[in-house]
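What's in entry_14.cif: mmCIF, C-alpha atoms
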data_my_file
#
loop_
_atom_site.label_atom_id
_atom_site.label_comp_id
_atom_site.auth_asym_id
_atom_site.auth_seq_id
_atom_site.Cartn_x
_atom_site.Cartn_y
_atom_site.Cartn_z
CA MET A 86 27.83 45.00 -71.57
CA LYS A 87 24.56 44.80 -69.76
CA TYR A 88 21.54 44.34 -71.87
CA SER A 89 17.83 44.16 -70.98
CA LEU A 90 15.99 41.50 -72.84
CA PRO A 91 12.71 42.45 -74.48
CA SER A 92 9.53 40.87 -73.16
CA SER A 93 9.11 38.91 -76.36
CA ILE A 94 12.11 36.74 -75.44
CA ILE A 95 10.58 34.73 -72.70
CA SER A 96 12.22 31.39 -72.18
CA PRO A 97 15.75 29.99 -72.47
CA GLN A 98 14.69 28.36 -75.74
CA ASP A 99 13.61 31.73 -77.13
CA LEU A 100 16.98 33.18 -76.12
CA THR A 101 18.86 30.33 -77.74
CA ILE A 102 16.87 30.76 -80.96
CA ALA A 103 17.52 34.50 -80.82
CA ILE A 104 21.25 33.96 -80.39
CA HIS A 105 21.40 31.60 -83.36
CA GLU A 106 19.36 33.98 -85.51
CA VAL A 107 21.44 36.97 -84.50
CA GLN A 108 24.57 34.99 -85.34
CA ASP A 109 23.13 34.11 -88.74
CA TYR A 110 22.05 37.68 -89.32
CA SER A 111 25.42 38.98 -88.24
CA ALA A 112 27.17 36.65 -90.62
CA TRP A 113 24.86 37.68 -93.46
CA ALA A 114 25.41 41.38 -92.67
CA HIS A 115 29.14 40.88 -92.63
CA HIS A 116 29.04 39.13 -96.01
CA GLU A 117 26.86 41.86 -97.46
CA THR A 118 29.25 44.50 -96.18
CA ILE A 119 32.16 42.75 -97.83
CA LYS A 120 30.22 42.43 -101.08
CA GLN A 121 29.40 46.10 -100.98
CA LYS A 122 33.02 46.94 -100.46
CA VAL A 123 34.10 44.83 -103.40
CA GLY A 124 31.28 46.15 -105.57
CA ALA A 125 29.15 43.08 -105.86
CA HIS A 126 25.73 43.85 -107.27
CA LYS A 127 23.72 40.85 -106.26
CA PRO A 128 22.47 41.26 -102.73
CA THR A 129 21.25 38.09 -100.98
CA VAL A 130 18.05 37.82 -99.03
CA ALA A 131 18.42 38.48 -95.33
CA PRO A 132 17.79 35.46 -93.14
CA GLU A 133 14.32 35.27 -91.78
CA LEU A 134 13.99 36.40 -88.20
CA ASN A 135 11.16 35.66 -85.81
CA PRO A 136 9.40 38.69 -84.38
CA ALA A 137 11.19 38.44 -81.03
CA THR A 138 14.63 38.40 -82.65
CA ALA A 139 13.58 41.19 -84.99
CA GLU A 140 12.43 43.29 -82.04
CA LEU A 141 15.66 42.50 -80.21
CA LEU A 142 17.85 43.46 -83.20
CA GLY A 143 15.81 46.56 -83.87
CA GLY A 144 16.14 47.77 -80.31
CA TRP A 145 19.86 47.03 -80.19
CA SER A 146 20.63 48.60 -83.56
CA LYS A 147 18.90 51.85 -82.60
CA VAL A 148 21.26 52.27 -79.70
CA ASN A 149 24.45 50.55 -80.82
CA GLY A 150 24.39 50.58 -84.57
CA THR A 151 24.56 47.78 -87.08
CA THR A 152 28.28 47.14 -87.22
CA ALA A 153 29.84 43.75 -86.89
CA ASP A 154 31.26 44.75 -83.55
CA SER A 155 27.87 45.73 -82.22
CA TYR A 156 26.42 42.44 -83.37
CA ARG A 157 29.30 40.64 -81.69
CA GLN A 158 28.67 42.55 -78.49
CA LEU A 159 25.02 41.71 -78.75
CA ILE A 160 25.80 38.03 -79.15
CA GLU A 161 28.18 38.15 -76.18
CA SER A 162 25.56 39.84 -74.05
CA LEU A 163 22.97 37.34 -75.07
CA GLU A 164 25.31 34.45 -74.35
CA HIS A 165 26.19 35.95 -70.99
CA ILE A 166 22.50 36.19 -70.19
CA ALA A 167 21.93 32.62 -71.36
CA ASN A 168 24.70 31.35 -69.07
CA HIS A 169 23.91 33.39 -65.96
CA ALA A 170 20.26 34.38 -66.05
CA PRO A 171 17.98 32.81 -63.42
CA THR A 172 15.21 30.62 -64.73
CA ILE A 173 11.76 29.97 -63.28
CA THR A 174 9.06 27.61 -64.53
CA ILE A 175 5.42 28.65 -64.45
CA THR A 176 2.68 26.05 -64.96
CA LEU A 177 -0.76 27.32 -65.93
CA ALA A 178 -4.11 25.64 -66.38
CA ALA A 179 -3.99 26.02 -70.18
CA PRO A 180 -1.46 26.99 -72.85
CA ALA A 181 -0.82 30.69 -72.25
CA PRO A 182 -1.34 33.17 -75.07
CA GLN A 183 1.69 35.23 -76.02
CA GLN A 184 0.26 38.38 -74.50
CA VAL A 185 -0.22 36.75 -71.11
CA LYS A 186 3.29 35.34 -71.29
CA GLU A 187 4.77 38.71 -72.12
CA HIS A 188 2.89 40.42 -69.30
CA ILE A 189 4.09 37.84 -66.82
CA VAL A 190 7.67 37.98 -68.05
CA ALA A 191 7.60 41.78 -67.95
CA TRP A 192 6.48 41.66 -64.33
CA CYS A 193 9.16 39.12 -63.48
CA ARG A 194 11.91 41.20 -65.06
CA HIS A 195 10.62 44.31 -63.35
CA SER A 196 10.08 42.76 -59.90
CA LEU A 197 12.42 39.78 -59.60
CA ALA A 198 15.51 40.09 -61.80
CA GLU A 199 16.34 42.02 -64.91
CA SER A 200 17.23 39.07 -67.09
CA VAL A 201 15.08 36.30 -65.64
CA LEU A 202 13.91 33.69 -68.12
CA VAL A 203 10.54 31.99 -67.74
CA THR A 204 9.55 28.57 -69.01
CA PHE A 205 5.80 28.10 -69.39
CA SER A 206 3.96 24.81 -69.27
CA PHE A 207 0.36 23.83 -68.67
CA ASN A 208 -1.54 21.27 -66.64
CA SER A 209 -5.30 21.36 -66.83
CA THR A 210 -5.71 19.56 -63.49
CA ILE A 211 -4.62 22.62 -61.56
CA LEU A 212 -7.90 24.26 -62.76
CA GLY A 213 -6.56 27.77 -62.42
CA GLY A 214 -3.87 29.89 -60.81
CA LEU A 215 -0.23 28.94 -61.29
CA VAL A 216 2.48 26.65 -60.00
CA VAL A 217 5.91 28.28 -59.90
CA ARG A 218 9.18 26.40 -59.65
CA ALA A 219 12.07 28.66 -58.69
CA GLY A 220 15.36 27.18 -57.66
CA SER A 221 14.70 24.09 -55.58
CA HIS A 222 11.25 25.21 -54.42
CA ILE A 223 7.87 24.66 -55.94
CA TYR A 224 5.11 27.08 -55.03
CA ASP A 225 1.62 25.73 -55.66
CA TRP A 226 -0.77 28.66 -55.94
CA SER A 227 -3.22 26.77 -58.07
CA LEU A 228 -6.96 26.64 -57.69
CA HIS A 229 -6.73 22.90 -57.14
CA ARG A 230 -4.49 23.42 -54.12
CA ARG A 231 -6.82 26.07 -52.75
CA LEU A 232 -9.76 23.71 -53.07
CA ILE A 233 -7.91 20.98 -51.21
CA ASP A 234 -6.69 23.36 -48.50
CA SER A 235 -10.16 24.81 -48.10
CA ALA A 236 -11.89 21.47 -47.62
CA HIS A 237 -12.48 22.28 -43.97
CA SER A 238 -13.94 25.69 -44.79
CA PHE A 239 -16.12 24.07 -47.41
CA THR A 240 -17.72 21.71 -44.90
CA GLU A 241 -18.18 24.57 -42.43
CA VAL A 242 -20.00 26.56 -45.07
CA LEU A 243 -22.16 23.54 -45.87
CA ASN A 244 -23.03 23.14 -42.19
CA HIS A 245 -24.28 26.72 -42.10
CA VAL A 246 -26.40 26.40 -45.19
CA MET B 246 -1.14 -50.75 61.87
CA SER B 247 -4.90 -50.53 62.39
CA ALA B 248 -6.95 -52.30 65.01
CA LEU B 249 -8.29 -54.71 62.49
CA GLN B 250 -4.87 -55.71 61.33
CA LEU B 251 -3.67 -56.13 64.93
CA PHE B 252 -6.64 -58.30 65.78
CA LEU B 253 -6.10 -60.36 62.67
CA THR B 254 -2.41 -60.85 63.53
CA ILE B 255 -3.21 -62.04 67.09
CA ASN B 256 -5.82 -64.42 65.74
CA VAL B 257 -3.30 -65.84 63.28
CA PHE B 258 -0.80 -66.52 66.11
CA ILE B 259 -3.41 -68.21 68.27
CA LEU B 260 -4.60 -70.22 65.35
CA GLY B 261 -1.07 -71.25 64.51
CA ALA B 262 -0.36 -72.42 68.09
CA ALA B 263 -3.61 -74.35 68.22
CA ILE B 264 -2.86 -76.05 64.95
CA ALA B 265 0.67 -76.93 66.04
CA LEU B 266 -0.63 -78.54 69.28
CA ALA B 267 -3.31 -80.37 67.33
CA VAL B 268 -0.85 -81.76 64.87
CA GLU B 269 1.51 -82.85 67.60
CA HIS B 270 -1.21 -84.69 69.50
CA LEU B 271 -2.51 -86.23 66.30
CA TRP B 272 0.97 -87.44 65.48
CA LEU B 273 1.41 -88.93 68.93
CA HIS B 274 -2.01 -90.49 68.64
CA PHE B 275 -1.20 -92.35 65.45
CA HIS B 276 2.43 -92.98 66.29
CA PRO B 277 2.52 -93.69 70.00
CA HIS B 278 5.86 -94.40 71.75
CA GLY B 279 6.13 -98.07 72.98
CA PHE B 280 5.34 -98.53 76.76
CA ASN B 281 8.38 -99.97 78.40
CA ALA B 282 7.17 -102.68 80.90
CA GLU B 283 10.68 -103.20 82.06
CA PRO B 284 11.19 -101.18 85.18
CA GLN B 285 14.90 -101.10 84.58
CA ASP B 286 14.85 -99.25 81.32
CA PRO B 287 18.12 -97.42 81.09
CA SER B 288 16.34 -94.59 79.29
CA GLY B 289 14.21 -93.92 82.47
CA SER B 290 10.68 -94.65 80.97
CA ILE B 291 7.95 -96.03 83.27
CA HIS B 292 6.32 -99.30 82.25
CA LEU B 293 2.60 -99.51 82.94
CA PRO B 294 0.10 -102.35 82.41
CA MET B 295 -1.85 -102.40 79.21
CA ALA B 296 -5.18 -101.69 80.82
CA VAL B 297 -3.81 -98.66 82.50
CA LYS B 298 -2.28 -97.59 79.26
CA GLU B 299 -5.51 -98.12 77.43
CA ARG B 300 -7.45 -96.21 80.04
CA LEU B 301 -4.96 -93.40 80.02
CA LEU B 302 -5.10 -93.48 76.34
CA ARG B 303 -8.90 -93.22 76.31
CA VAL B 304 -8.82 -90.44 78.85
CA ALA B 305 -6.18 -88.66 76.84
CA GLU B 306 -8.16 -89.17 73.70
CA THR B 307 -11.26 -87.85 75.37
CA ASP B 308 -9.42 -84.90 76.80
CA TYR B 309 -7.73 -84.37 73.57
CA GLN B 310 -11.02 -84.58 71.76
CA ASN B 311 -12.56 -82.12 74.20
CA VAL B 312 -9.68 -79.77 73.78
CA LEU B 313 -9.95 -80.10 70.07
CA ASP B 314 -13.64 -79.55 70.16
CA ARG B 315 -13.26 -76.53 72.38
CA SER B 316 -10.47 -75.24 70.21
CA VAL B 317 -12.42 -75.81 67.09
CA THR B 318 -15.47 -74.21 68.61
CA GLY B 319 -13.42 -71.30 69.79
CA PHE B 320 -11.69 -71.12 66.47
CA LYS B 321 -14.97 -71.27 64.64
CA HIS B 322 -16.37 -68.55 66.89
CA ASP B 323 -13.28 -66.44 66.47
CA LEU B 324 -13.23 -67.15 62.80
CA ARG B 325 -16.89 -66.23 62.52
CA GLU B 326 -16.35 -63.03 64.45
CA THR B 327 -13.27 -62.31 62.53
CA THR B 328 -15.09 -62.93 59.30
CA VAL B 329 -17.94 -60.73 60.40
CA LYS B 330 -15.59 -58.02 61.50
CA ILE B 331 -13.54 -58.40 58.39
CA ASN B 332 -16.70 -58.17 56.30
CA ASP B 333 -17.77 -55.16 58.31
CA LYS B 334 -14.40 -53.58 57.95
CA LEU B 335 -14.28 -54.42 54.29
CA THR B 336 -17.75 -53.06 53.84
CA GLN B 337 -16.81 -49.96 55.77
CA LEU B 338 -13.56 -49.69 53.92
CA SER B 339 -15.14 -50.19 50.54
CA GLY B 340 -17.87 -47.78 51.50
CA ASN B 341 -15.31 -45.24 52.63
CA ILE B 342 -13.24 -45.82 49.58
CA LEU B 343 -16.28 -45.68 47.34
CA GLY B 344 -17.50 -42.63 49.12
CA GLU B 345 -14.14 -40.93 48.82
CA GLU B 346 -13.89 -41.90 45.20
CA MET B 347 -17.42 -40.69 44.58
CA ASP B 348 -16.61 -37.47 46.37
CA ARG B 349 -13.46 -37.07 44.38
CA TYR B 350 -15.35 -37.95 41.22
CA LYS B 351 -18.03 -35.45 42.07
CA LYS B 352 -15.44 -32.81 42.85
CA THR B 353 -13.69 -33.56 39.61
CA LEU B 354 -16.99 -33.44 37.78
CA ASP B 355 -17.85 -30.18 39.44
CA THR B 356 -14.45 -28.76 38.57
CA LEU B 357 -14.78 -29.94 35.01
CA ARG B 358 -18.32 -28.62 34.81
CA GLN B 359 -17.20 -25.27 36.15
CA GLN B 360 -14.33 -25.19 33.70
CA ALA B 361 -16.66 -26.21 30.91
CA GLU B 362 -19.13 -23.54 31.96
CA LYS B 363 -16.37 -20.99 32.09
CA THR B 364 -15.00 -22.08 28.75
CA ARG B 365 -18.45 -22.12 27.23
CA GLY B 366 -19.10 -18.66 28.51
CA GLN B 367 -15.78 -17.44 27.20
CA VAL B 368 -16.34 -19.15 23.88
CA GLN B 369 -19.78 -17.65 23.61
CA THR B 370 -18.38 -14.22 24.41
CA ASP B 371 -15.62 -14.68 21.83
CA VAL B 372 -18.11 -15.93 19.27
CA GLU B 373 -20.41 -12.99 19.88
CA ARG B 374 -17.49 -10.58 19.70
CA HIS B 375 -16.17 -12.18 16.55
CA GLN B 376 -19.65 -12.18 15.04
CA ALA B 377 -20.00 -8.47 15.82
CA GLU B 378 -16.57 -7.81 14.26
CA LEU B 379 -17.50 -9.80 11.18
CA GLU B 380 -20.79 -7.97 10.82
CA ALA B 381 -19.04 -4.62 11.15
CA LEU B 382 -16.42 -5.73 8.62
CA ILE B 383 -19.12 -6.92 6.24
CA VAL B 384 -20.96 -3.61 6.51
CA GLU B 385 -17.74 -1.70 5.95
CA ARG B 386 -16.75 -3.85 2.97
CA GLN B 387 -20.24 -3.54 1.54
CA LYS B 388 -20.04 0.25 1.76
CA MET B 389 -16.61 0.21 0.18
CA LEU B 390 -17.79 -2.05 -2.64
CA GLU B 391 -20.84 0.10 -3.23
CA ALA B 392 -18.67 3.22 -3.37
CA LYS B 393 -16.25 1.50 -5.76
CA PHE B 394 -19.12 0.28 -7.89
CA VAL B 395 -20.63 3.76 -8.11
CA GLU B 396 -17.23 5.25 -8.90
CA ARG B 397 -16.48 2.63 -11.52
CA HIS B 398 -19.94 2.99 -13.01
CA THR B 399 -19.54 6.75 -13.25
CA ALA B 400 -16.09 6.39 -14.77
CA LEU B 401 -17.40 3.86 -17.29
CA GLU B 402 -20.30 6.12 -18.17
CA LYS B 403 -17.95 9.03 -18.73
CA GLN B 404 -15.59 6.84 -20.70
CA ALA B 405 -18.48 5.56 -22.83
CA GLU B 406 -19.71 9.10 -23.45
CA ALA B 407 -16.21 10.23 -24.34
CA ASP B 408 -15.75 7.24 -26.66
CA ILE B 409 -19.10 7.90 -28.32
CA GLU B 410 -18.24 11.56 -28.73
CA THR B 411 -14.83 10.69 -30.16
CA ALA B 412 -16.35 8.17 -32.57
CA LYS B 413 -18.98 10.70 -33.59
CA LYS B 414 -16.37 13.37 -34.24
CA ALA B 415 -14.24 10.92 -36.16
CA ALA B 416 -17.24 9.86 -38.25
CA ILE B 417 -18.16 13.49 -38.92
CA GLU B 418 -14.59 14.28 -39.90
CA ARG B 419 -14.49 11.27 -42.23
CA ILE B 420 -17.79 12.33 -43.80
CA ASP B 421 -16.55 15.91 -44.19
CA ALA B 422 -13.30 14.69 -45.72
CA LYS B 423 -15.13 12.41 -48.13
CA LEU B 424 -17.54 15.19 -49.03
CA SER B 425 -14.68 17.62 -49.61
CA GLN B 426 -12.88 15.08 -51.73
CA ALA B 427 -16.06 14.46 -53.71
CA VAL B 428 -16.63 18.16 -54.31
CA THR B 429 -12.98 18.76 -55.15
CA SER B 430 -13.00 15.84 -57.53
CA PHE B 431 -16.21 17.08 -59.12
CA LEU B 432 -14.80 20.58 -59.55
CA SER B 433 -11.51 19.23 -60.86
CA THR B 434 -13.32 17.09 -63.39
CA THR B 435 -15.69 19.88 -64.38
CA LEU B 436 -13.37 22.88 -64.45
CA GLN B 437 -10.22 21.41 -65.93
CA TYR B 438 -11.52 22.03 -69.43
CA ASN B 439 -12.15 25.41 -71.10
CA ALA B 440 -9.85 27.35 -68.77
CA ASP B 441 -9.73 31.01 -69.83
CA LEU B 442 -6.26 32.35 -69.05
CA GLY B 443 -7.14 35.74 -70.38
CA ALA B 444 -9.79 36.10 -67.72
CA GLN B 445 -7.42 34.68 -65.13
CA GLU B 446 -4.60 37.11 -65.96
CA PRO B 447 -5.48 39.66 -63.22
CA TYR B 448 -5.67 36.80 -60.71
CA LEU B 449 -2.31 35.45 -61.89
CA MET B 450 -0.66 38.85 -61.59
CA ALA B 451 -2.21 39.33 -58.15
CA GLU B 452 -0.85 35.97 -56.97
CA LEU B 453 2.61 36.80 -58.27
CA GLU B 454 2.50 40.17 -56.53
CA LYS B 455 1.33 38.54 -53.31
CA HIS B 456 4.26 36.09 -53.26
CA LYS B 457 6.85 38.47 -54.73
CA SER B 458 9.17 38.35 -51.70
CA GLU B 459 9.45 34.56 -51.82
CA LEU B 460 10.24 34.58 -55.53
CA ILE B 461 12.79 37.37 -55.10
CA LYS B 462 14.57 35.31 -52.44
CA GLU B 463 14.69 32.23 -54.66
CA VAL B 464 15.87 34.14 -57.71
CA SER B 465 18.51 35.99 -55.67
CA ASP B 466 19.82 32.69 -54.31
CA GLU B 467 20.05 31.37 -57.86
CA ILE B 468 21.94 34.42 -59.05
#
Rewrite the structure from the file as structure tokens, please.
Amino acid sequence: MKYSLPSSIISPQDLTIAIHEVQDYSAWAHHETIKQKVGAHKPTVAPELNPATAELLGGWSKVNGTTADSYRQLIESLEHIANHAPTITITLAAPAPQQVKEHIVAWCRHSLAESVLVTFSFNSTILGGLVVRAGSHIYDWSLHRRLIDSAHSFTEVLNHV
Amino acid sequence: MSALQLFLTINVFILGAAIALAVEHLWLHFHPHGFNAEPQDPSGSIHLPMAVKERLLRVAETDYQNVLDRSVTGFKHDLRETTVKINDKLTQLSGNILGEEMDRYKKTLDTLRQQAEKTRGQVQTDVERHQAELEALIVERQKMLEAKFVERHTALEKQAEADIETAKKAAIERIDAKLSQAVTSFLSTTLQYNADLGAQEPYLMAELEKHKSELIKEVSDEI
């Protein structure tokens, strides 16, 4: 079953964490269901979920319900995505805030591929812009590269000053 | 045989006969044959008295002496004449010979002088011609060398200008490169801190949008 990841699940690590948390939550829900069936009165505390996993579960449950089967399907979908989704690495000049990451990932999933995963890193020497590694290619669209490539233009401008 | 030689030959014969007669008489004078006084000499000789013999002998000696004197005188005269003629002939002959040799020598000298004159003239003509050729060749070579020199000088000037221009451009490029590196290094050192990604977000999205096709191709290949 095809599933669109939310923007809050950005990188392969986030997806892996989400899968583990969904598995834990599914197991807890299954145990609680069994307890309810047998009349147990002491409910246990639900496992803590990070906001991305919570958003993911909330979105899935609205559409597919909260049964064990739906959780299993969710886990299968997530595992399928983890095994087959393309991954790109984006290097920025500083650690990106979550909002920036989510905007970028949303654009990637809208423009490039539905389930693309993005790994973010930072390198202050690039000064600005981004360096994208996709597949076997690295695309340097950083400010540092633009400065180096524009060295000739820089001297021309100086000559006209 | 010339007249002189003929005359000399005749004189030699006469002289020989006179000398033979003189020797014979001289021999008979110093070795007379004995007078046979015996009238009945079987060999047929006539015997005369001693006085007659002596008188005959004196007469014979006188005659003989006269003949000798005449012969000697004649011989001396002939010899003198012969000597004079021989001297004359020799003088004439030597003069002729000398004259002929001198003439031949003069002719030879004239011939040699003419040849020398001719050769000298020819040599002088050849020398003048060769000198003119050499001068023309020198002028031509000088012009060629001058033209080559001017051409080489011009080429060297152009080469030097080109080299100077190339060196200048290379120096300017090195300076520009160093300046760019300095500015880039300065900016890298200055701007690498306090980067505001929030402010850069529109730029980041614009860059992604600009290179969307490349990223789509890469992601599609990966899928």
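Residues matched by the PyMOL selection byres ((chain A and resi 190) around 10) in this structure: Pro91, Ser92, Ser93, Ile94, Ile95, Ser96, Gln184, Val185, Lys186, Glu187, His188, Ile189, Ala191, Trp192, Cys193, Arg194, His195, Ser196, Leu197, Ser200, Val201, Leu202, Val203 and Thr204 of chain A.
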Result set of the PyMOL selection byres ((chain A) within 10 of (chain B)) on the coordinates above, as a PyMOL selection string
chain A and resi 169-173+177-182+184-186+188-189+192-193+196-198+201+208-215+217-222+224+226-241+243-244
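When the PyMOL selection byres ((chain A and resi 139) around 12) is run on the displayed coordinates, the residues it returns are Pro91, Ser93, Ile94, Ile102, Ala103, Ile104, Glu106, Val107, Tyr110, Ala131, Pro132, Glu133, Leu134, Asn135, Pro136, Ala137, Thr138, Glu140, Leu141, Leu142, Gly143, Gly144, Trp145 and Ser146 of chain A.
Note that atom CA of B:Ile264 and atom CA of B:Leu313 are 9.6 Å apart.
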Any idea what's packed within 10 Å of B:Asp323, counting all atoms listed in the file, ignoring anything in its chain fewer than 6 positions away? Could you give it as a PyMOL selection string?
chain B and resi 256+260+316-317+329
Long-range neighbours of stretch 151-156 of chain A as a PDB file with C-alpha atoms, keeping the file's coordinate frame, 8 Å cut-off, all atoms listed in the file, 3 positions minimum in chain:
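File around34.pdb, as written:
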ATOM      1  CA  VAL A 107      21.440  36.970 -84.500  1.00  0.00           C
ATOM      2  CA  GLN A 108      24.570  34.990 -85.340  1.00  0.00           C
ATOM      3  CA  SER A 111      25.420  38.980 -88.240  1.00  0.00           C
ATOM      4  CA  ALA A 114      25.410  41.380 -92.670  1.00  0.00           C
ATOM      5  CA  HIS A 115      29.140  40.880 -92.630  1.00  0.00           C
ATOM      6  CA  SER A 146      20.630  48.600 -83.560  1.00  0.00           C
ATOM      7  CA  LEU A 159      25.020  41.710 -78.750  1.00  0.00           C
ATOM      8  CA  ILE A 160      25.800  38.030 -79.150  1.00  0.00           C
TER       9      ILE A 160
END
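Counting all atoms listed in the file, the residue from B:Ile342, B:Leu379, B:Met347, B:Ala267 that sits nearest to B:Asp314 is B:Ala267.
The interatomic distance for the pair atom CA of A:Val246 and atom CA of B:Ala427 works out to 17.9 Å.
Distance-wise, atom CA of B:His274 and atom CA of B:Ile291 end up 18.5 Å apart.
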Which of these, A:Lys122, A:Pro97, A:Ser206, A:Val242, has the shortest distance to A:Leu163 once you count all atoms listed in the file?
A:Pro97
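Distances to B:His270 were evaluated for B:Ser247, B:Val312, B:Thr364, B:His322 using only C-alpha atoms, and the minimum falls at B:Val312.
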Could N, CA and C atoms be built for stretch 206-228 of chain A and written out as a PDB file, in the coordinates of the input?
ATOM      1  N   SER A 206       4.555  26.112 -68.938  1.00  0.00           N
ATOM      2  CA  SER A 206       3.960  24.810 -69.270  1.00  0.00           C
ATOM      3  C   SER A 206       2.511  24.861 -68.793  1.00  0.00           C
ATOM      4  N   PHE A 207       1.740  23.830 -69.129  1.00  0.00           N
ATOM      5  CA  PHE A 207       0.360  23.830 -68.670  1.00  0.00           C
ATOM      6  C   PHE A 207      -0.043  22.464 -68.163  1.00  0.00           C
ATOM      7  N   ASN A 208      -1.002  22.497 -67.233  1.00  0.00           N
ATOM      8  CA  ASN A 208      -1.540  21.270 -66.640  1.00  0.00           C
ATOM      9  C   ASN A 208      -2.991  21.564 -66.273  1.00  0.00           C
ATOM     10  N   SER A 209      -3.894  20.977 -67.013  1.00  0.00           N
ATOM     11  CA  SER A 209      -5.300  21.360 -66.830  1.00  0.00           C
ATOM     12  C   SER A 209      -5.853  20.952 -65.462  1.00  0.00           C
ATOM     13  N   THR A 210      -5.182  20.020 -64.784  1.00  0.00           N
ATOM     14  CA  THR A 210      -5.710  19.560 -63.490  1.00  0.00           C
ATOM     15  C   THR A 210      -5.566  20.606 -62.393  1.00  0.00           C
ATOM     16  N   ILE A 211      -4.747  21.614 -62.618  1.00  0.00           N
ATOM     17  CA  ILE A 211      -4.620  22.620 -61.560  1.00  0.00           C
ATOM     18  C   ILE A 211      -5.814  23.587 -61.587  1.00  0.00           C
ATOM     19  N   LEU A 212      -6.632  23.510 -62.609  1.00  0.00           N
ATOM     20  CA  LEU A 212      -7.900  24.260 -62.760  1.00  0.00           C
ATOM     21  C   LEU A 212      -7.701  25.746 -62.967  1.00  0.00           C
ATOM     22  N   GLY A 213      -6.783  26.332 -62.289  1.00  0.00           N
ATOM     23  CA  GLY A 213      -6.560  27.770 -62.420  1.00  0.00           C
ATOM     24  C   GLY A 213      -5.386  28.159 -61.550  1.00  0.00           C
ATOM     25  N   GLY A 214      -5.018  29.444 -61.583  1.00  0.00           N
ATOM     26  CA  GLY A 214      -3.870  29.890 -60.810  1.00  0.00           C
ATOM     27  C   GLY A 214      -2.594  29.435 -61.484  1.00  0.00           C
ATOM     28  N   LEU A 215      -1.520  29.313 -60.708  1.00  0.00           N
ATOM     29  CA  LEU A 215      -0.230  28.940 -61.290  1.00  0.00           C
ATOM     30  C   LEU A 215       0.597  28.167 -60.283  1.00  0.00           C
ATOM     31  N   VAL A 216       1.503  27.368 -60.827  1.00  0.00           N
ATOM     32  CA  VAL A 216       2.480  26.650 -60.000  1.00  0.00           C
ATOM     33  C   VAL A 216       3.842  27.138 -60.469  1.00  0.00           C
ATOM     34  N   VAL A 217       4.621  27.675 -59.554  1.00  0.00           N
ATOM     35  CA  VAL A 217       5.910  28.280 -59.900  1.00  0.00           C
ATOM     36  C   VAL A 217       7.017  27.436 -59.298  1.00  0.00           C
ATOM     37  N   ARG A 218       7.971  27.081 -60.157  1.00  0.00           N
ATOM     38  CA  ARG A 218       9.180  26.400 -59.650  1.00  0.00           C
ATOM     39  C   ARG A 218      10.334  27.356 -59.820  1.00  0.00           C
ATOM     40  N   ALA A 219      10.930  27.739 -58.680  1.00  0.00           N
ATOM     41  CA  ALA A 219      12.070  28.660 -58.690  1.00  0.00           C
ATOM     42  C   ALA A 219      13.140  28.054 -57.810  1.00  0.00           C
ATOM     43  N   GLY A 220      14.288  27.806 -58.422  1.00  0.00           N
ATOM     44  CA  GLY A 220      15.360  27.180 -57.660  1.00  0.00           C
ATOM     45  C   GLY A 220      14.950  25.759 -57.309  1.00  0.00           C
ATOM     46  N   SER A 221      15.070  25.431 -56.025  1.00  0.00           N
ATOM     47  CA  SER A 221      14.700  24.090 -55.580  1.00  0.00           C
ATOM     48  C   SER A 221      13.312  24.053 -54.963  1.00  0.00           C
ATOM     49  N   HIS A 222      12.568  25.147 -55.031  1.00  0.00           N
ATOM     50  CA  HIS A 222      11.250  25.210 -54.420  1.00  0.00           C
ATOM     51  C   HIS A 222      10.167  25.231 -55.478  1.00  0.00           C
ATOM     52  N   ILE A 223       9.067  24.628 -55.094  1.00  0.00           N
ATOM     53  CA  ILE A 223       7.870  24.660 -55.940  1.00  0.00           C
ATOM     54  C   ILE A 223       6.768  25.318 -55.125  1.00  0.00           C
ATOM     55  N   TYR A 224       6.175  26.358 -55.700  1.00  0.00           N
ATOM     56  CA  TYR A 224       5.110  27.080 -55.030  1.00  0.00           C
ATOM     57  C   TYR A 224       3.812  26.796 -55.771  1.00  0.00           C
ATOM     58  N   ASP A 225       2.893  26.132 -55.038  1.00  0.00           N
ATOM     59  CA  ASP A 225       1.620  25.730 -55.660  1.00  0.00           C
ATOM     60  C   ASP A 225       0.561  26.747 -55.275  1.00  0.00           C
ATOM     61  N   TRP A 226       0.290  27.671 -56.170  1.00  0.00           N
ATOM     62  CA  TRP A 226      -0.770  28.660 -55.940  1.00  0.00           C
ATOM     63  C   TRP A 226      -1.931  28.408 -56.894  1.00  0.00           C
ATOM     64  N   SER A 227      -2.185  27.129 -57.112  1.00  0.00           N
ATOM     65  CA  SER A 227      -3.220  26.770 -58.070  1.00  0.00           C
ATOM     66  C   SER A 227      -4.569  26.720 -57.387  1.00  0.00           C
ATOM     67  N   LEU A 228      -5.596  26.721 -58.207  1.00  0.00           N
ATOM     68  CA  LEU A 228      -6.960  26.640 -57.690  1.00  0.00           C
ATOM     69  C   LEU A 228      -7.209  25.263 -57.076  1.00  0.00           C
TER      70      LEU A 228
END
